[in-house]
Every structure is written in structure tokens, then in C-alpha cells.
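Pasted below: run00.cif, mmCIF, C-alpha atoms and all ligand atoms.
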```
data_entry
#
loop_
_atom_site.group_PDB
_atom_site.id
_atom_site.type_symbol
_atom_site.label_atom_id
_atom_site.label_comp_id
_atom_site.auth_asym_id
_atom_site.auth_seq_id
_atom_site.Cartn_x
_atom_site.Cartn_y
_atom_site.Cartn_z
ATOM 1 C CA MET A 1 -10.274 -4.055 -14.528
ATOM 2 C CA THR A 2 -12.519 -1.024 -15.118
ATOM 3 C CA SER A 3 -15.595 0.142 -13.177
ATOM 4 C CA PRO A 4 -17.574 -1.097 -11.428
ATOM 5 C CA PHE A 5 -14.598 -1.959 -9.242
ATOM 6 C CA THR A 6 -14.895 -4.752 -6.702
ATOM 7 C CA LEU A 7 -13.167 -5.416 -3.402
ATOM 8 C CA ALA A 8 -10.306 -7.792 -4.242
ATOM 9 C CA PRO A 9 -10.105 -10.827 -1.934
ATOM 10 C CA LEU A 10 -7.584 -10.739 0.903
ATOM 11 C CA PRO A 11 -4.536 -12.950 0.235
ATOM 12 C CA TRP A 12 -4.913 -14.678 3.658
ATOM 13 C CA ASP A 13 -7.549 -15.455 6.286
ATOM 14 C CA GLU A 14 -8.754 -12.384 8.211
ATOM 15 C CA LYS A 15 -7.392 -13.772 11.477
ATOM 16 C CA ALA A 16 -4.095 -14.977 10.001
ATOM 17 C CA LEU A 17 -2.053 -11.896 10.984
ATOM 18 C CA ALA A 18 -2.997 -12.091 14.672
ATOM 19 C CA PRO A 19 -1.645 -11.275 17.175
ATOM 20 C CA VAL A 20 0.366 -8.643 15.240
ATOM 21 C CA ILE A 21 -2.824 -7.354 13.575
ATOM 22 C CA SER A 22 -6.042 -8.755 15.045
ATOM 23 C CA GLY A 23 -8.896 -10.237 13.034
ATOM 24 C CA ASN A 24 -11.049 -7.416 14.404
ATOM 25 C CA THR A 25 -8.751 -4.745 12.933
ATOM 26 C CA ILE A 26 -8.622 -6.525 9.573
ATOM 27 C CA ALA A 27 -12.420 -6.947 9.561
ATOM 28 C CA PHE A 28 -13.010 -3.210 10.060
ATOM 29 C CA HIS A 29 -10.135 -2.136 7.853
ATOM 30 C CA TYR A 30 -11.061 -4.394 4.938
ATOM 31 C CA HIS A 31 -14.877 -4.666 5.090
ATOM 32 C CA LYS A 32 -15.532 -1.074 6.181
ATOM 33 C CA HIS A 33 -12.679 1.244 5.152
ATOM 34 C CA HIS A 34 -11.438 -0.501 2.000
ATOM 35 C CA GLN A 35 -14.991 -1.409 0.904
ATOM 36 C CA THR A 36 -16.095 2.233 1.324
ATOM 37 C CA TYR A 37 -13.272 3.467 -0.929
ATOM 38 C CA VAL A 38 -14.403 0.951 -3.593
ATOM 39 C CA ASP A 39 -18.086 1.908 -3.305
ATOM 40 C CA THR A 40 -17.384 5.658 -3.299
ATOM 41 C CA LEU A 41 -15.088 5.351 -6.308
ATOM 42 C CA ASN A 42 -17.785 3.489 -8.261
ATOM 43 C CA LYS A 43 -20.325 6.236 -7.533
ATOM 44 C CA LEU A 44 -17.895 9.029 -8.429
ATOM 45 C CA VAL A 45 -16.773 7.609 -11.798
ATOM 46 C CA GLU A 46 -20.232 6.622 -12.996
ATOM 47 C CA LYS A 47 -20.923 8.219 -16.409
ATOM 48 C CA THR A 48 -17.562 10.006 -16.459
ATOM 49 C CA LYS A 49 -14.494 9.542 -18.677
ATOM 50 C CA PHE A 50 -12.959 7.570 -15.806
ATOM 51 C CA ALA A 51 -15.577 4.794 -15.962
ATOM 52 C CA ASP A 52 -13.680 2.913 -18.696
ATOM 53 C CA MET A 53 -10.193 3.423 -17.237
ATOM 54 C CA LYS A 54 -8.214 0.904 -15.249
ATOM 55 C CA LEU A 55 -7.643 1.732 -11.582
ATOM 56 C CA GLU A 56 -3.959 2.677 -12.099
ATOM 57 C CA GLU A 57 -4.920 4.940 -15.015
ATOM 58 C CA ILE A 58 -7.508 6.750 -12.881
ATOM 59 C CA VAL A 59 -4.968 7.299 -10.098
ATOM 60 C CA ARG A 60 -2.383 8.735 -12.504
ATOM 61 C CA ALA A 61 -4.940 10.824 -14.430
ATOM 62 C CA THR A 62 -6.294 12.482 -11.269
ATOM 63 C CA ALA A 63 -3.055 12.862 -9.261
ATOM 64 C CA GLY A 64 -2.549 16.501 -8.362
ATOM 65 C CA ALA A 65 -6.018 17.459 -9.652
ATOM 66 C CA ALA A 66 -7.244 20.884 -8.566
ATOM 67 C CA GLU A 67 -10.907 20.281 -9.337
ATOM 68 C CA ALA A 68 -12.919 19.070 -6.306
ATOM 69 C CA LYS A 69 -14.579 16.012 -7.852
ATOM 70 C CA GLU A 70 -11.337 14.818 -9.460
ATOM 71 C CA LYS A 71 -9.593 15.202 -6.095
ATOM 72 C CA LYS A 72 -12.232 12.950 -4.544
ATOM 73 C CA ILE A 73 -11.808 10.449 -7.362
ATOM 74 C CA PHE A 74 -8.049 10.454 -6.782
ATOM 75 C CA ASN A 75 -8.424 9.958 -3.025
ATOM 76 C CA ASN A 76 -10.740 6.986 -3.378
ATOM 77 C CA ALA A 77 -9.001 5.345 -6.365
ATOM 78 C CA ALA A 78 -5.577 5.685 -4.755
ATOM 79 C CA GLN A 79 -6.874 4.292 -1.467
ATOM 80 C CA VAL A 80 -8.331 1.256 -3.280
ATOM 81 C CA TRP A 81 -4.953 0.660 -4.941
ATOM 82 C CA ASN A 82 -2.925 1.368 -1.780
ATOM 83 C CA HIS A 83 -4.986 -1.056 0.314
ATOM 84 C CA ASP A 84 -4.756 -3.853 -2.280
ATOM 85 C CA PHE A 85 -1.020 -3.254 -2.249
ATOM 86 C CA TYR A 86 -0.838 -3.179 1.563
ATOM 87 C CA TRP A 87 -2.634 -6.523 2.010
ATOM 88 C CA ARG A 88 -0.176 -8.101 -0.406
ATOM 89 C CA SER A 89 2.776 -6.483 1.348
ATOM 90 C CA LEU A 90 1.935 -8.508 4.466
ATOM 91 C CA THR A 91 1.965 -12.246 5.036
ATOM 92 C CA PRO A 92 1.633 -14.556 8.041
ATOM 93 C CA ASN A 93 4.175 -16.899 6.385
ATOM 94 C CA LYS A 94 7.896 -16.519 6.875
ATOM 95 C CA THR A 95 9.405 -15.193 3.665
ATOM 96 C CA GLU A 96 13.093 -14.916 2.886
ATOM 97 C CA LEU A 97 14.916 -11.984 1.422
ATOM 98 C CA GLY A 98 16.757 -13.601 -1.475
ATOM 99 C CA GLY A 99 18.080 -13.318 -5.026
ATOM 100 C CA LYS A 100 18.130 -10.015 -6.852
ATOM 101 C CA LEU A 101 16.194 -8.240 -4.080
ATOM 102 C CA ALA A 102 18.725 -9.317 -1.435
ATOM 103 C CA SER A 103 21.561 -7.925 -3.581
ATOM 104 C CA ALA A 104 19.684 -4.645 -4.096
ATOM 105 C CA VAL A 105 18.993 -4.335 -0.338
ATOM 106 C CA ALA A 106 22.672 -4.983 0.438
ATOM 107 C CA ARG A 107 23.732 -2.414 -2.186
ATOM 108 C CA ASP A 108 21.323 0.357 -1.114
ATOM 109 C CA PHE A 109 20.842 -0.185 2.640
ATOM 110 C CA GLY A 110 23.689 -2.409 3.780
ATOM 111 C CA ASP A 111 21.291 -4.944 5.316
ATOM 112 C CA ALA A 112 17.601 -5.708 5.884
ATOM 113 C CA SER A 113 17.564 -4.425 9.461
ATOM 114 C CA THR A 114 18.718 -0.972 8.271
ATOM 115 C CA LEU A 115 15.964 -0.988 5.638
ATOM 116 C CA ILE A 116 13.367 -1.939 8.282
ATOM 117 C CA ALA A 117 14.628 0.750 10.679
ATOM 118 C CA GLN A 118 14.344 3.396 7.938
ATOM 119 C CA LEU A 119 10.861 2.191 6.956
ATOM 120 C CA ALA A 120 9.776 2.357 10.632
ATOM 121 C CA GLU A 121 11.232 5.865 10.919
ATOM 122 C CA ALA A 122 9.343 7.012 7.796
ATOM 123 C CA GLY A 123 6.109 5.577 9.231
ATOM 124 C CA LYS A 124 6.674 7.300 12.583
ATOM 125 C CA ASP A 125 7.639 10.599 10.941
ATOM 126 C CA GLN A 126 4.583 10.731 8.687
ATOM 127 C CA PHE A 127 2.524 13.424 10.397
ATOM 128 C CA GLY A 128 -1.139 12.359 10.413
ATOM 129 C CA SER A 129 -2.545 9.760 8.035
ATOM 130 C CA GLY A 130 -0.451 8.200 5.315
ATOM 131 C CA TRP A 131 1.817 5.431 4.132
ATOM 132 C CA ALA A 132 5.461 4.333 4.339
ATOM 133 C CA TRP A 133 6.935 2.674 1.233
ATOM 134 C CA LEU A 134 9.868 0.678 -0.026
ATOM 135 C CA VAL A 135 10.272 1.743 -3.653
ATOM 136 C CA SER A 136 12.639 1.235 -6.533
ATOM 137 C CA LYS A 137 13.471 4.514 -8.236
ATOM 138 C CA ASP A 138 16.158 5.309 -10.803
ATOM 139 C CA GLY A 139 17.693 1.862 -10.345
ATOM 140 C CA LYS A 140 17.985 2.224 -6.571
ATOM 141 C CA LEU A 141 15.857 1.090 -3.636
ATOM 142 C CA SER A 142 14.693 3.805 -1.255
ATOM 143 C CA ILE A 143 12.138 4.640 1.425
ATOM 144 C CA GLU A 144 9.342 7.150 0.911
ATOM 145 C CA LYS A 145 6.437 8.382 2.964
ATOM 146 C CA THR A 146 3.210 9.842 1.600
ATOM 147 C CA SER A 147 0.268 11.593 3.254
ATOM 148 C CA ASN A 148 -3.401 10.635 3.097
ATOM 149 C CA ALA A 149 -4.083 8.812 -0.192
ATOM 150 C CA GLU A 150 -0.872 9.917 -1.950
ATOM 151 C CA THR A 151 1.036 7.067 -3.557
ATOM 152 C CA PRO A 152 4.420 6.863 -5.336
ATOM 153 C CA MET A 153 2.667 4.781 -8.026
ATOM 154 C CA ALA A 154 0.915 7.951 -9.240
ATOM 155 C CA LYS A 155 4.330 9.311 -10.255
ATOM 156 C CA GLY A 156 5.261 6.100 -12.054
ATOM 157 C CA ILE A 157 7.544 4.951 -9.226
ATOM 158 C CA ASN A 158 7.760 1.172 -8.763
ATOM 159 C CA CYS A 159 6.430 0.289 -5.294
ATOM 160 C CA LEU A 160 7.828 -2.839 -3.633
ATOM 161 C CA LEU A 161 6.128 -2.811 -0.200
ATOM 162 C CA THR A 162 3.939 -0.514 1.863
ATOM 163 C CA VAL A 163 2.679 -0.068 5.417
ATOM 164 C CA ASP A 164 -0.554 1.757 6.194
ATOM 165 C CA VAL A 165 -0.046 4.291 9.005
ATOM 166 C CA TRP A 166 -3.590 5.649 9.092
ATOM 167 C CA GLU A 167 -4.946 5.246 12.652
ATOM 168 C CA HIS A 168 -7.587 2.797 11.399
ATOM 169 C CA ALA A 169 -4.721 0.364 10.629
ATOM 170 C CA TYR A 170 -3.631 0.032 14.268
ATOM 171 C CA TYR A 171 -5.867 1.859 16.745
ATOM 172 C CA LEU A 172 -7.929 -1.147 17.911
ATOM 173 C CA ASP A 173 -4.749 -3.143 18.639
ATOM 174 C CA TYR A 174 -2.183 -0.514 19.623
ATOM 175 C CA GLN A 175 -4.284 2.614 20.356
ATOM 176 C CA ASN A 176 -2.023 5.611 19.682
ATOM 177 C CA ALA A 177 1.239 3.604 19.733
ATOM 178 C CA ARG A 178 2.072 3.732 16.028
ATOM 179 C CA PRO A 179 5.765 2.844 16.649
ATOM 180 C CA LYS A 180 4.722 -0.425 18.352
ATOM 181 C CA TYR A 181 2.488 -1.347 15.409
ATOM 182 C CA LEU A 182 5.326 -0.565 12.995
ATOM 183 C CA GLU A 183 7.857 -2.564 14.977
ATOM 184 C CA ALA A 184 5.573 -5.625 15.086
ATOM 185 C CA VAL A 185 4.429 -5.462 11.457
ATOM 186 C CA LEU A 186 7.849 -4.732 9.967
ATOM 187 C CA GLY A 187 9.546 -7.359 12.111
ATOM 188 C CA ARG A 188 7.053 -10.164 11.547
ATOM 189 C CA LEU A 189 4.759 -9.687 8.554
ATOM 190 C CA LEU A 190 6.644 -8.166 5.614
ATOM 191 C CA ASN A 191 6.233 -10.194 2.431
ATOM 192 C CA TRP A 192 9.694 -10.247 0.856
ATOM 193 C CA GLY A 193 8.392 -12.555 -1.872
ATOM 194 C CA TYR A 194 5.940 -9.857 -2.976
ATOM 195 C CA ALA A 195 8.686 -7.205 -2.936
ATOM 196 C CA ALA A 196 10.862 -9.486 -5.094
ATOM 197 C CA GLU A 197 7.976 -10.012 -7.569
ATOM 198 C CA ASN A 198 7.467 -6.247 -7.834
ATOM 199 C CA LEU A 199 11.175 -5.672 -8.426
ATOM 200 C CA GLU A 200 11.168 -8.423 -11.065
ATOM 201 C CA LYS A 201 8.248 -6.792 -12.940
ATOM 202 C CA GLU A 202 10.313 -3.633 -13.267
ATOM 203 C CA GLY A 203 13.115 -5.670 -14.869
ATOM 204 C CA HIS A 204 10.661 -6.900 -17.493
ATOM 205 C CA ALA A 205 9.297 -3.394 -18.128
ATOM 206 C CA VAL A 206 12.820 -1.974 -18.563
ATOM 207 C CA ARG A 207 13.827 -4.828 -20.909
ATOM 208 C CA ALA A 208 10.598 -4.453 -22.928
ATOM 209 C CA ALA A 209 11.224 -0.700 -23.343
ATOM 210 C CA ALA A 210 14.817 -1.334 -24.498
ATOM 211 C CA GLU A 211 13.841 -3.977 -27.096
HETATM 212 FE FE FE A 301 -6.105 1.835 5.613
#
```

Please express the file's structure as C-alpha cells.
Amino acid sequence: MTSPFTLAPLPWDEKALAPVISGNTIAFHYHKHHQTYVDTLNKLVEKTKFADMKLEEIVRATAGAAEAKEKKIFNNAAQVWNHDFYWRSLTPNKTELGGKLASAVARDFGDASTLIAQLAEAGKDQFGSGWAWLVSKDGKLSIEKTSNAETPMAKGINCLLTVDVWEHAYYLDYQNARPKYLEAVLGRLLNWGYAAENLEKEGHAVRAAAE
């Protein structure tokens, strides 16, 4: 997809994540914050070389940009991508950690509760706005945190799951208690099926490159 970009549909009903994340929070987060990143990005890329690029290409092409307009393009493009990725990282349905992902989690963290504890710690430690991530890098799963719109995807790192730790993600439900939001979301909403799909895609990419 190239510009004009559109707001991708949510993968579940707006109220489906309640009471962990209320319908009110999702409504503001999705229709106001996410929509604004999409609209701003469309205005910024109009009649530029970025207008015909895919979203991922724009994020990678503008990552680390020094020029003011390109920085703005990065911030908005990355936030569109990060939010799409965040919605898909969450699900109201119970998902199981299985198959190749379960083996990788056991190999690199010991167990899922250690992974979740480290992801929660990364989210708590992120000073100010940002994101906590489960990624697959150099054949190993690990946890990363990024500030503002920064995203491991910009560096070509395969993202498996993310949690938004900007205040707009939790303030209406948890006020300043980011650790409570993290505990609830990570304990009850993580979409292990999506993480497994993302890990599987990497397998295909590696095999394709080797063939
Ligand atoms: Fe957000």
C-alpha cells in the first residue's frame, strides 16, 4: 500500500478488550491518535518521493533523518506502522504459546512468565513515551524498548509483539499506573498466534534468501 494511506480496521470490536483496555480508550487511541498519524503522514508525503513508497519503505528511508520534514515523516509513518502492529499484538481470545515459538521462548527465556516479566520491565523502564517489543534478532528472541516513534522494524529487526506505553494507551483506564496497565495487558491480551505468524514469516524470508 502506498499513499494515500488509510486507517486499517481493528482486528476486534472496540469494546472487546474491556475491562483490561476500555472501549473508551480504544476509541480515542484508534480514531483520534492513530487516525491523526495517518492523516498527517498523507499530508507530509504529498508530492514527495515518499508518495509512491510502501509504509515500511518510508519508515526505513527516514529512520535517523536529520532534516526536519523527514523526521516528521518518520515519526508519523512509524507511528502508523507501530499502532497497526500493536492492535494485532493484542486479542480478547485466549491464544496458546505453541510450536516453534514455544521452543524459541523456552530456549531464550526459560518460560513465558520470564518473557512477560522482562517485557513488563522494559515497558516500565522506558522513560517517557515509547514501546516495549518482543523481537527476533540474529536467530534469538529478545526484548527491546524504543522511545517515541522509534521501532526495531526500521533497523530490519523482525518484531513479534509490541505494547504501546505512551500515556494515551492507558491514562483513561489506569491514570499514571503504567505497571498496572502492563500487568493486565501482558497477562491477558497478548496474541501468541500473531507472534508465531511473525516468527514464521522470518523463516520464509531466511529460506528464500538461502535458495
Ligand atoms: Fe499509541

Can you turn the PyMOL selection byres (((chain A and resi 191) around 8) and not hetatm) into a concrete residue list for this file, as a PyMOL selection string? chain A and resi 88-91+94-95+161+189-190+192-195

I'd like the neighbourhood of Tyr181 (chain A) as a ChimeraX atom specification, where a residue qualifies if any of its atoms comes within 8 Å (using all atoms listed in the file), though same-chain residues fewer than 5 positions away should be ignored. /A:20,170,174

For the residues in the current selection, export C-alpha atoms as a short mmCIF file (atom, residue, chain, number, x, y, z; two decimals), in the coordinates of the input.
```cif
data_model
loop_
_atom_site.label_atom_id
_atom_site.label_comp_id
_atom_site.auth_asym_id
_atom_site.auth_seq_id
_atom_site.Cartn_x
_atom_site.Cartn_y
_atom_site.Cartn_z
CA VAL A 20 0.37 -8.64 15.24
CA TYR A 170 -3.63 0.03 14.27
CA TYR A 174 -2.18 -0.51 19.62
#
```

Pull out every residue that the PyMOL selection byres (((chain A and resi 85) around 10) and not hetatm) matches in the shown coordinates and put them as an MDAnalysis selection string. chainID A and resid 79:84 86:90 159:164 194

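Based on only C-alpha atoms and all ligand atoms, the protein and nucleic acid residues found within 7 Å of ligand FE 301 (chain A) are, by chain and then by number, His29, His33, His34, His83, Asp164, Trp166, His168 and Ala169 of chain A.
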
Can you list, as a PyMOL selection string, every protein, DNA or RNA residue that comes within 12 Å of His31 (chain A) when you count only C-alpha atoms, leaving out same-chain residues fewer than 4 positions away? chain A and resi 6-10+14+23-27+35-39+83
